[in-house]
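Q: Can you read through this structure? Questions will come right after.
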Protein chains: 4
Amino acid sequence: MKAAFLYGARDVRLGTQPDPRPGPGEALVKVRAVGICGTDIHYYRDGHVGPTKIVEPLVMGHEFAGEVVELGPGVTEVKVGDRVAVDPAMSCDRCESCLNGYPNLCFYPKFVGTPPYHGGLREYVTHPAHLLFPFPQELTFVEGALLEMLGVAIHSIDLPRLKLADTVAVLGCGPIGLLIADLARRAGAIKVYCTDILPWRVQVAKARGADLALNPNETDVVAEIMEATHGRGVDVAFDVAGALETPQQAVDVVKPGGKVVITGINAEDRIPLRATEARRKGVTIRMVRRMKHVYPRAIALVSNRVVEIASLATHRYSLDQIVEAFRAVDEQVPGMVKVVVEM
Amino acid sequence: MKAAFLYGARDVRLGTQPDPRPGPGEALVKVRAVGICGTDIHYYRDGHVGPTKIVEPLVMGHEFAGEVVELGPGVTEVKVGDRVAVDPAMSCDRCESCLNGYPNLCFYPKFVGTPPYHGGLREYVTHPAHLLFPFPQELTFVEGALLEMLGVAIHSIDLPRLKLADTVAVLGCGPIGLLIADLARRAGAIKVYCTDILPWRVQVAKARGADLALNPNETDVVAEIMEATHGRGVDVAFDVAGALETPQQAVDVVKPGGKVVITGINAEDRIPLRATEARRKGVTIRMVRRMKHVYPRAIALVSNRVVEIASLATHRYSLDQIVEAFRAVDEQVPGMVKVVVEM
Amino acid sequence: MKAAFLYGARDVRLGTQPDPRPGPGEALVKVRAVGICGTDIHYYRDGHVGPTKIVEPLVMGHEFAGEVVELGPGVTEVKVGDRVAVDPAMSCDRCESCLNGYPNLCFYPKFVGTPPYHGGLREYVTHPAHLLFPFPQELTFVEGALLEMLGVAIHSIDLPRLKLADTVAVLGCGPIGLLIADLARRAGAIKVYCTDILPWRVQVAKARGADLALNPNETDVVAEIMEATHGRGVDVAFDVAGALETPQQAVDVVKPGGKVVITGINAEDRIPLRATEARRKGVTIRMVRRMKHVYPRAIALVSNRVVEIASLATHRYSLDQIVEAFRAVDEQVPGMVKVVVEM
Amino acid sequence: MKAAFLYGARDVRLGTQPDPRPGPGEALVKVRAVGICGTDIHYYRDGHVGPTKIVEPLVMGHEFAGEVVELGPGVTEVKVGDRVAVDPAMSCDRCESCLNGYPNLCFYPKFVGTPPYHGGLREYVTHPAHLLFPFPQELTFVEGALLEMLGVAIHSIDLPRLKLADTVAVLGCGPIGLLIADLARRAGAIKVYCTDILPWRVQVAKARGADLALNPNETDVVAEIMEATHGRGVDVAFDVAGALETPQQAVDVVKPGGKVVITGINAEDRIPLRATEARRKGVTIRMVRRMKHVYPRAIALVSNRVVEIASLATHRYSLDQIVEAFRAVDEQVPGMVKVVVEM
């Protein structure tokens with residue numbers, strides 16, 4: 001079968017792999033849609049994310065959905081023909097974190113699409129059946145693939161426990177930032193202020209309902225958000241940019257006692273903060289690590305049309321166009337929010 | 001000035017009081033709208049609520065709004081001409097509860113419209129200025145009067161800390177129940193199931209967006225809600241009925257680990273629960289006592305049109321019609337959700 | 001092998017069972033000590049607990065420890081010779097509750113020593129190896145058997161999240177109540193007030209460090225606790241008695257905003273509460289359902305000598321004396337805190 | 001009366017001030033003991049803390065206790081002769097933070113001993129009576145002065161909500177760090193690991209009961225703590241050092257999902273963190289800002305001898321020796337934990 005391998009920095013190539021067969025407890029999934037994520041692009045640009053390196057050609061892709069085509073022995077969770085989203089995180093299920101409901105903090109994590117586990121950019125994958133989440137006919141496979149991203153957004157929203165009439169800032173309007181902004185409003189936020197350095201993303205944020213959508217290259221976003229809140233600051237600020245400036249901006253725009261949620265992944269591996277403001281405000285900073293058991297909620301939110309995700313997939317490619325697909329994300333082509341590979 | 005006094009059970013009469021003058025820190029408010037509440041009706045029917053009795057003629061009414069017409073010495077919080085909602089709870093501001101942000105749990109509470117403090121059913125009241133909450137021109141005085149009730153609903157929603165995609169049951173669709181149902185959805189609930197024994201309230205619940213609106217006189221509401229949730233139960237159940245059956249119904253419809261919020265005031269002063277279900281499910285029961293510092297949020301929610309309250313005031317009377325107004329609530333005239341006295 | 005069966009109300013008899021062999025993932029445990037619990041006695045007295053009935057002779061006993069003597073295929077969690085406490089709750093590990101860290105709220109629970117699963121009052125048991133918790137040499141098997149009970153106490157203490165300098169009431173000083181009192185102090189409580197109707201348990205509570213130890217048959221315990229707290233009430237009240245009076249007493253002795261934790265199992269299956277006090281105080285009621293992942297903490301607390309449990313086992317019997325053992329608990333022989341069967 | 005003024009960096013001098021008289025709601029307190037704090041020393045060394053500068057000679061000292069000698073009009077909270085601890089933080093009591101129980105996060109704070117408000121290093125002060133906390137005869141004035149510091153430690157312990165059997169690291173064993181270590185154990189921690197760069201403080205930590213007391217100049221403290229926890233990490237790490245290295249060390253020693261509490265005040269105004277570890281562990285970082293309504297609890301803990309504070313006052317001076325007192329703190333004379341000025 002066909003598979004797209006990352007060989008190293010900026011070197012992605014189409015190749016082949018033997019057809020996989022499902023083992024006990026596994027299902028064989030025909031992959032139908034794969035999102036390309038910021039993490040994939042970190043690997044694509046640098047050949048590593050933090051200490052984790054590409055040492056052998058790896059099939060990328062951890063945001064994907066497909067159709068169940070064969071069951072391994074003992075599988076009861078899904079059936080052939082199910083349309084399923086794939087949870088790429090294979091937690092150990094026995095460590096202290098897993099037992100307590102935090103598979104995202106598993107002491108022994110395995111993650112498909114991250115070395116050394118091949119990901120979803122290939123025609124077929126086998127995967128533990130209990131990590132496949134069937135979704136209804138109303139959802140397209142592209143929507144199914146984007147559920148992983150929505151899951152991260154849901155988890156980000158869960159952490160600060162929004163209250164009705166809270167105000168929120170979202171710094172960084174990539175697809176997860178846009179979803180966080182949407183979900184914040186669905187979770188009761190009364191005002192949502194968004195920022196991004198890419199002009200079209202500012203436009204999309206505005207179009208999706210942001211009360212303010214600002215470009216830090218054009219304006220002092222901290223000053224504008226403080227003015228919009230009459231000097232009080234917001235209840236919760238989400239840093240979804242992964243930039244060096246945004247963590248401190250988040251501290252600067254929250255009210256005393258406010259919460260800062262850091263979802264973005266920082267390429268330079270630094271979170272530089274000033275102590276004085278953070279301390280005087282007595283802020284709480286929550287670092288987001290993936291998600292925990294949110295697929296059923298993600299599916300419910302999309303199939304009940306509480307949140308709209310399909311339009312985020314602005315650029316769609318076939319598996320044969322995999323090089324173009326990675327390039328589009330890497331170069332951040334104008335108008336691009338999310339690139340999806342359809343099969 | 002004119003004032004409506006409750007003399008005892010089912011004995012309400014229009015009378016007069018001397019015009020009040022604002023003392024230091026107080027403002028004089030021309031009352032413009034007063035809601036008649038379930039608590040008022042408990043006093044009207046029985047002459048007491050629990051151990052608190054009407055011993056001298058008392059001006060009822062604790063849900064009200066008006067216009068500031070005069071300031072006492074030292075007032076800076078409001079100005080003449082302000083349209084204000086009146087927080088009827090005068091907490092001591094120095095006890096452990098008040099200091100920790102829970103004036104609703106004040107050790108030394110005073111409450112206007114409850115013996116021995118006269119309430120809002122008169123032409124003018126004086127009130128501590130820091131308990132007056134100015135609201136914008138877009139809100140009518142009737143909406144202003146209903147903010148107290150909305151405040152209780154907000155506090156009820158705050159307690160269980162809803163998560164996105166939670167499911168909710170609201171048992172009892174009086175005005176506060178209806179608002180709790182509305183707010184639950186605004187706070188992220190994906191399904192809201194409502195019950196009431198009055199057919200027109202079931203209709204209103206449906207019309208406002210309930211996913212199920214059921215009458216326990218016509219159907220087994222526990223069975224229906226369990227079926228709607230595929231046997232799982234809801235995340236949170238609100239008992240807003242104040243009936244003897246609803247607390248156990250709430251326990252019966254929540255999932256294992258679910259939360260039961262009891263907002264209703266029970267006339268028989270009993271909460272009968274079965275131990276086995278409550279224990280096996282490990283439920284948490286939160287008793288709602290008024291609200292804490294929610295007026296600004298209530299005003300923000302209404303003026304941003306996140307929640308609609310005006311249409312709840314189905315029946316409106318003048319102060320001269322005070323006897324008819326109390327009767328309408330007492331007799332639960334068909335179609336009645338909320339009675340408001342306008343002046 | 002020998003096994004003690006409950007045939008029905010007040011009918012316990014020694015009999016035999018075939019020797020068990022461990023299946024895949026299971027270990028064979030030679031049972032060394034079994035505590036007899038209030039739940040066992042509910043079955044012994046009535047032949048049922050709530051809707052769960054003894055229909056066939058059942059081996060009772062869910063508080064037990066022993067020695068691993070044989071491993072089934074694939075077992076890695078324990079080894080032959082390990083001294084282990086047995087977690088009797090076999091949760092499904094896949095339902096929403098289990099995944100989120102609440103096996104105590106499993107949708108599909110199985111529980112050894114409860115119909116239809118035989119318990120620990122026999123010479124050998126097989127049990128899933130991941131539910132066996134090795135404890136160090138310093139702990140006796142009797143201490144190992146009491147870890148289950150300590151686990152319930154730990155979970156009860158976890159729920160209300162005590163703060164340093166909190167005050168606490170413990171209503172009911174059976175072994176779990178005594179442990180809750182001990183743990184409350186270890187968790188920062190500054191004053192612990194205990195009650196029990198059995199005079200010797202009042203003595204034990206006092207001896208273990210209760211600031212007040214009261215007998216409701218001799219004094220007005222609510223009045224005494226309110227006086228001891230200068231009218232404020234305690235931060236948290238634990239009902240560990242399972243009596244009809246204690247839930248309301250718990251409400252009566254907590255401060256406004258206080259928490260009531262109900263650990264006791266009520267034989268009459270009713271929790272009668274008055275609405276007025278519960279509502280005016282805005283109390284939170286937490287129903288305790290077993291425990292969640294606390295064995296490692298229980299072992300750490302005992303082996304670090306933070307809490308002392310051995311002396312609670314006031315009455316010890318052999319398996320041959322099983323009839324006497326049940327009678328001692330049933331009749332509440334003077335001086336008895338906990339009966340343990342040693343093998 | 002005599003008063004000790006800070007004129008600028010390393011320039012402290014004894015001078016005089018007119019005798020103060022208590023205004024309405026105030027009491028006159030004869031100061032009896034004043035602790036010298038890390039914040040005082042930041043002012044002493046640099047003439048400023050962050051953006052707050054000494055522009056006119058200022059009486060330092062915000063940790064103090066004394067005796068009430070005169071009451072202003074309307075005071076009911078204290079009486080002449082009371083031994084009182086002085087809460088130096090004068091919050092506005094009306095802003096959103098104050099109303100919600102967070103005076104430490106007041107939008108309009110005033111703080112004695114910080115520009116422009118004179119502090120306690122003088123013979124008499126006037127202070128709002130509701131900010132004076134009477135303590136019993138058993139406590140010395142030195143203990144009374146140290147209650148402020150204990151309050152910060154209590155608040156630091158409150159934030160992460162310790163559970164029974166948690167493990168804790170305390171990085172930095174100045175007096176607040178030592179108290180946090182003590183309180184962590186009182187709040188249920190089973191193991192407490194301490195670090196400090198001053199050898200005698202390591203000794204004191206050990207003597208007060210630390211399970212490990214390490215000097216980062218002598219050993220790899222992260223490696224040692226990870227080894228002590230068998231690679232798991234601690235549940236909560238407190239950074240009480242205010243160093244540049246300790247925030248990241250705190251992240252490095254917590255378990256996945258662990259909490260980092262930052263109490264130390266960083267002189268360089270930077271909190272440098274690596275993103276990868278913080279994110280992979282999904283840590284929560286709580287910045288400590290003073291305390292909220294903890295004086296009564298602090299007094300209860302000391303008078304019930306739950307925590308011992310007197311011996312922390314290793315070095316004691318008279319007001320006439322104020323220059324020596326500041327020098328002792330500045331130079332960190334061997335053996336010094338806390339300097340107190342007695343009057």
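So you can find residues: chains in the structure tokens are A, B, ... in the order shown, residues in each start at 1, and ligands are numbered from 1 in order.
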From a DSSP pass on the backbone, collect the residues of region 201-298 of chain D flagged as helix (DSSP H, G or I) and hand them back as a PyMOL selection string.

A: chain D and resi 201-207+221-228+246-253+275-280+295-298

Q: Filtering to N, CA, C and O atoms, could you give me those residues as a short mmCIF file (atom, residue, chain, number, x, y, z; two decimals), in the first residue's frame?

A:
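Generated file (part07.cif):
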```cif
data_model
loop_
_atom_site.label_atom_id
_atom_site.label_comp_id
_atom_site.auth_asym_id
_atom_site.auth_seq_id
_atom_site.Cartn_x
_atom_site.Cartn_y
_atom_site.Cartn_z
N ARG D 201 20.74 26.42 56.74
CA ARG D 201 19.31 26.26 56.50
C ARG D 201 18.98 24.82 56.10
O ARG D 201 17.92 24.30 56.45
N VAL D 202 19.89 24.19 55.38
CA VAL D 202 19.73 22.76 55.09
C VAL D 202 19.65 21.99 56.41
O VAL D 202 18.81 21.10 56.58
N GLN D 203 20.52 22.39 57.36
CA GLN D 203 20.51 21.74 58.69
C GLN D 203 19.17 21.94 59.39
O GLN D 203 18.61 21.02 59.98
N VAL D 204 18.68 23.17 59.36
CA VAL D 204 17.42 23.47 60.04
C VAL D 204 16.28 22.67 59.41
O VAL D 204 15.44 22.10 60.11
N ALA D 205 16.28 22.61 58.09
CA ALA D 205 15.24 21.85 57.40
C ALA D 205 15.26 20.40 57.86
O ALA D 205 14.22 19.80 58.14
N LYS D 206 16.46 19.85 57.91
CA LYS D 206 16.62 18.47 58.36
C LYS D 206 16.09 18.32 59.79
O LYS D 206 15.32 17.40 60.09
N ALA D 207 16.51 19.24 60.65
CA ALA D 207 16.13 19.16 62.06
C ALA D 207 14.61 19.29 62.24
O ALA D 207 14.04 18.72 63.16
N VAL D 221 20.07 18.26 42.82
CA VAL D 221 18.86 18.10 43.64
C VAL D 221 17.73 17.48 42.83
O VAL D 221 16.93 16.70 43.37
N VAL D 222 17.63 17.80 41.54
CA VAL D 222 16.58 17.20 40.72
C VAL D 222 16.77 15.68 40.67
O VAL D 222 15.83 14.91 40.90
N ALA D 223 17.98 15.26 40.40
CA ALA D 223 18.25 13.82 40.31
C ALA D 223 17.96 13.12 41.64
O ALA D 223 17.39 12.03 41.67
N GLU D 224 18.33 13.77 42.73
CA GLU D 224 18.11 13.13 44.04
C GLU D 224 16.63 13.00 44.37
O GLU D 224 16.20 11.99 44.93
N ILE D 225 15.89 14.03 44.06
CA ILE D 225 14.45 13.96 44.38
C ILE D 225 13.76 12.95 43.47
O ILE D 225 12.91 12.19 43.91
N MET D 226 14.17 12.91 42.21
CA MET D 226 13.58 11.93 41.31
C MET D 226 13.90 10.51 41.78
O MET D 226 13.05 9.61 41.72
N GLU D 227 15.11 10.32 42.27
CA GLU D 227 15.48 8.99 42.75
C GLU D 227 14.69 8.63 44.00
O GLU D 227 14.20 7.50 44.15
N ALA D 228 14.54 9.62 44.90
CA ALA D 228 13.79 9.36 46.14
C ALA D 228 12.35 8.99 45.84
O ALA D 228 11.71 8.27 46.61
N THR D 246 15.19 27.79 40.22
CA THR D 246 14.23 26.99 40.96
C THR D 246 12.89 26.78 40.24
O THR D 246 12.32 25.69 40.38
N PRO D 247 12.38 27.73 39.46
CA PRO D 247 11.11 27.40 38.77
C PRO D 247 11.24 26.18 37.87
O PRO D 247 10.39 25.28 37.88
N GLN D 248 12.32 26.10 37.09
CA GLN D 248 12.48 24.94 36.21
C GLN D 248 12.75 23.68 37.02
O GLN D 248 12.26 22.59 36.68
N GLN D 249 13.52 23.82 38.11
CA GLN D 249 13.73 22.65 38.99
C GLN D 249 12.39 22.14 39.50
O GLN D 249 12.16 20.92 39.58
N ALA D 250 11.52 23.06 39.84
CA ALA D 250 10.20 22.66 40.35
C ALA D 250 9.45 21.88 39.28
O ALA D 250 8.84 20.84 39.56
N VAL D 251 9.48 22.36 38.05
CA VAL D 251 8.86 21.62 36.95
C VAL D 251 9.50 20.25 36.80
O VAL D 251 8.82 19.24 36.60
N ASP D 252 10.82 20.21 36.94
CA ASP D 252 11.54 18.95 36.71
C ASP D 252 11.26 17.90 37.78
O ASP D 252 11.37 16.71 37.52
N VAL D 253 10.93 18.32 38.98
CA VAL D 253 10.74 17.32 40.05
C VAL D 253 9.28 16.93 40.27
O VAL D 253 9.02 16.02 41.05
N ALA D 275 9.68 24.92 27.74
CA ALA D 275 8.31 24.57 27.37
C ALA D 275 8.08 23.07 27.36
O ALA D 275 7.03 22.58 27.77
N THR D 276 9.06 22.32 26.87
CA THR D 276 8.83 20.90 26.61
C THR D 276 8.44 20.13 27.87
O THR D 276 7.40 19.47 27.92
N GLU D 277 9.25 20.24 28.92
CA GLU D 277 8.94 19.49 30.14
C GLU D 277 7.61 19.97 30.74
O GLU D 277 6.79 19.16 31.17
N ALA D 278 7.43 21.28 30.80
CA ALA D 278 6.21 21.81 31.43
C ALA D 278 4.98 21.31 30.69
O ALA D 278 3.98 20.93 31.28
N ARG D 279 5.07 21.28 29.35
CA ARG D 279 3.94 20.86 28.55
C ARG D 279 3.72 19.36 28.62
O ARG D 279 2.62 18.88 28.82
N ARG D 280 4.80 18.60 28.47
CA ARG D 280 4.64 17.13 28.50
C ARG D 280 4.06 16.66 29.82
O ARG D 280 3.35 15.67 29.88
N TYR D 295 -5.37 34.99 58.96
CA TYR D 295 -4.89 35.26 60.32
C TYR D 295 -5.54 34.37 61.38
O TYR D 295 -4.84 33.80 62.22
N PRO D 296 -6.88 34.24 61.37
CA PRO D 296 -7.45 33.38 62.42
C PRO D 296 -6.91 31.95 62.37
O PRO D 296 -6.65 31.34 63.41
N ARG D 297 -6.71 31.43 61.18
CA ARG D 297 -6.16 30.08 61.07
C ARG D 297 -4.70 30.05 61.54
O ARG D 297 -4.28 29.10 62.20
N ALA D 298 -3.94 31.08 61.20
CA ALA D 298 -2.55 31.13 61.63
C ALA D 298 -2.47 31.13 63.16
O ALA D 298 -1.67 30.41 63.76
#
```

Q: Return the neighbours of chain C among the residues of chain A, cut-off 8 Å, counting only C-alpha atoms, as a list in words.

A: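 Within 8 Å of chain C on chain A, we get Cys98, Leu99, Asn100, Gly101, Tyr102 and His293 of chain A.
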
Q: Only N, CA, C and O atoms, please: the residues just picked out, written as a PDB file, in the first residue's frame.

A:
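And here's result12.pdb as it stands now:
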```
ATOM      1  N   CYS A  98      -2.914   7.063  34.034  1.00  0.00           N
ATOM      2  CA  CYS A  98      -3.993   6.417  33.284  1.00  0.00           C
ATOM      3  C   CYS A  98      -5.125   6.006  34.219  1.00  0.00           C
ATOM      4  O   CYS A  98      -6.294   6.267  33.943  1.00  0.00           O
ATOM      5  N   LEU A  99      -4.774   5.344  35.323  1.00  0.00           N
ATOM      6  CA  LEU A  99      -5.804   4.883  36.253  1.00  0.00           C
ATOM      7  C   LEU A  99      -6.639   6.042  36.773  1.00  0.00           C
ATOM      8  O   LEU A  99      -7.839   5.913  36.988  1.00  0.00           O
ATOM      9  N   ASN A 100      -5.999   7.178  36.966  1.00  0.00           N
ATOM     10  CA  ASN A 100      -6.720   8.314  37.518  1.00  0.00           C
ATOM     11  C   ASN A 100      -7.419   9.156  36.461  1.00  0.00           C
ATOM     12  O   ASN A 100      -7.916  10.235  36.764  1.00  0.00           O
ATOM     13  N   GLY A 101      -7.441   8.656  35.225  1.00  0.00           N
ATOM     14  CA  GLY A 101      -8.225   9.350  34.205  1.00  0.00           C
ATOM     15  C   GLY A 101      -7.432  10.308  33.347  1.00  0.00           C
ATOM     16  O   GLY A 101      -8.007  11.122  32.626  1.00  0.00           O
ATOM     17  N   TYR A 102      -6.112  10.253  33.424  1.00  0.00           N
ATOM     18  CA  TYR A 102      -5.264  11.168  32.656  1.00  0.00           C
ATOM     19  C   TYR A 102      -4.349  10.407  31.698  1.00  0.00           C
ATOM     20  O   TYR A 102      -3.131  10.431  31.867  1.00  0.00           O
ATOM     21  N   HIS A 293     -10.014  11.552  27.212  1.00  0.00           N
ATOM     22  CA  HIS A 293     -11.341  10.949  27.042  1.00  0.00           C
ATOM     23  C   HIS A 293     -12.379  11.939  26.516  1.00  0.00           C
ATOM     24  O   HIS A 293     -13.491  12.004  27.032  1.00  0.00           O
TER      25      HIS A 293
END
```

Q: Quote the spacing between CA of Asp46 (chain B) and CA of Gly282 (chain C) in Å to one decimal place.

A: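 Distance reported for this atom pair: 23.6 Å.
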
Q: If you run DSSP on this backbone, which residues of region 40-181 of chain A come out as strand (DSSP E), and could you give them as a count of residues only?

A: 36

Q: For each of D:Gly119, D:Gly231, D:Gly151, D:Pro128, take the minimum atom-to-atom distance to Asp40 (chain D), counting only C-alpha atoms, then give the residue where this is smallest.

A: D:Gly119

Q: Could you state the separation of CA of Gly174 (chain C) and CA of Ala325 (chain C) in Å, given to one decimal place?

A: 16.5 Å
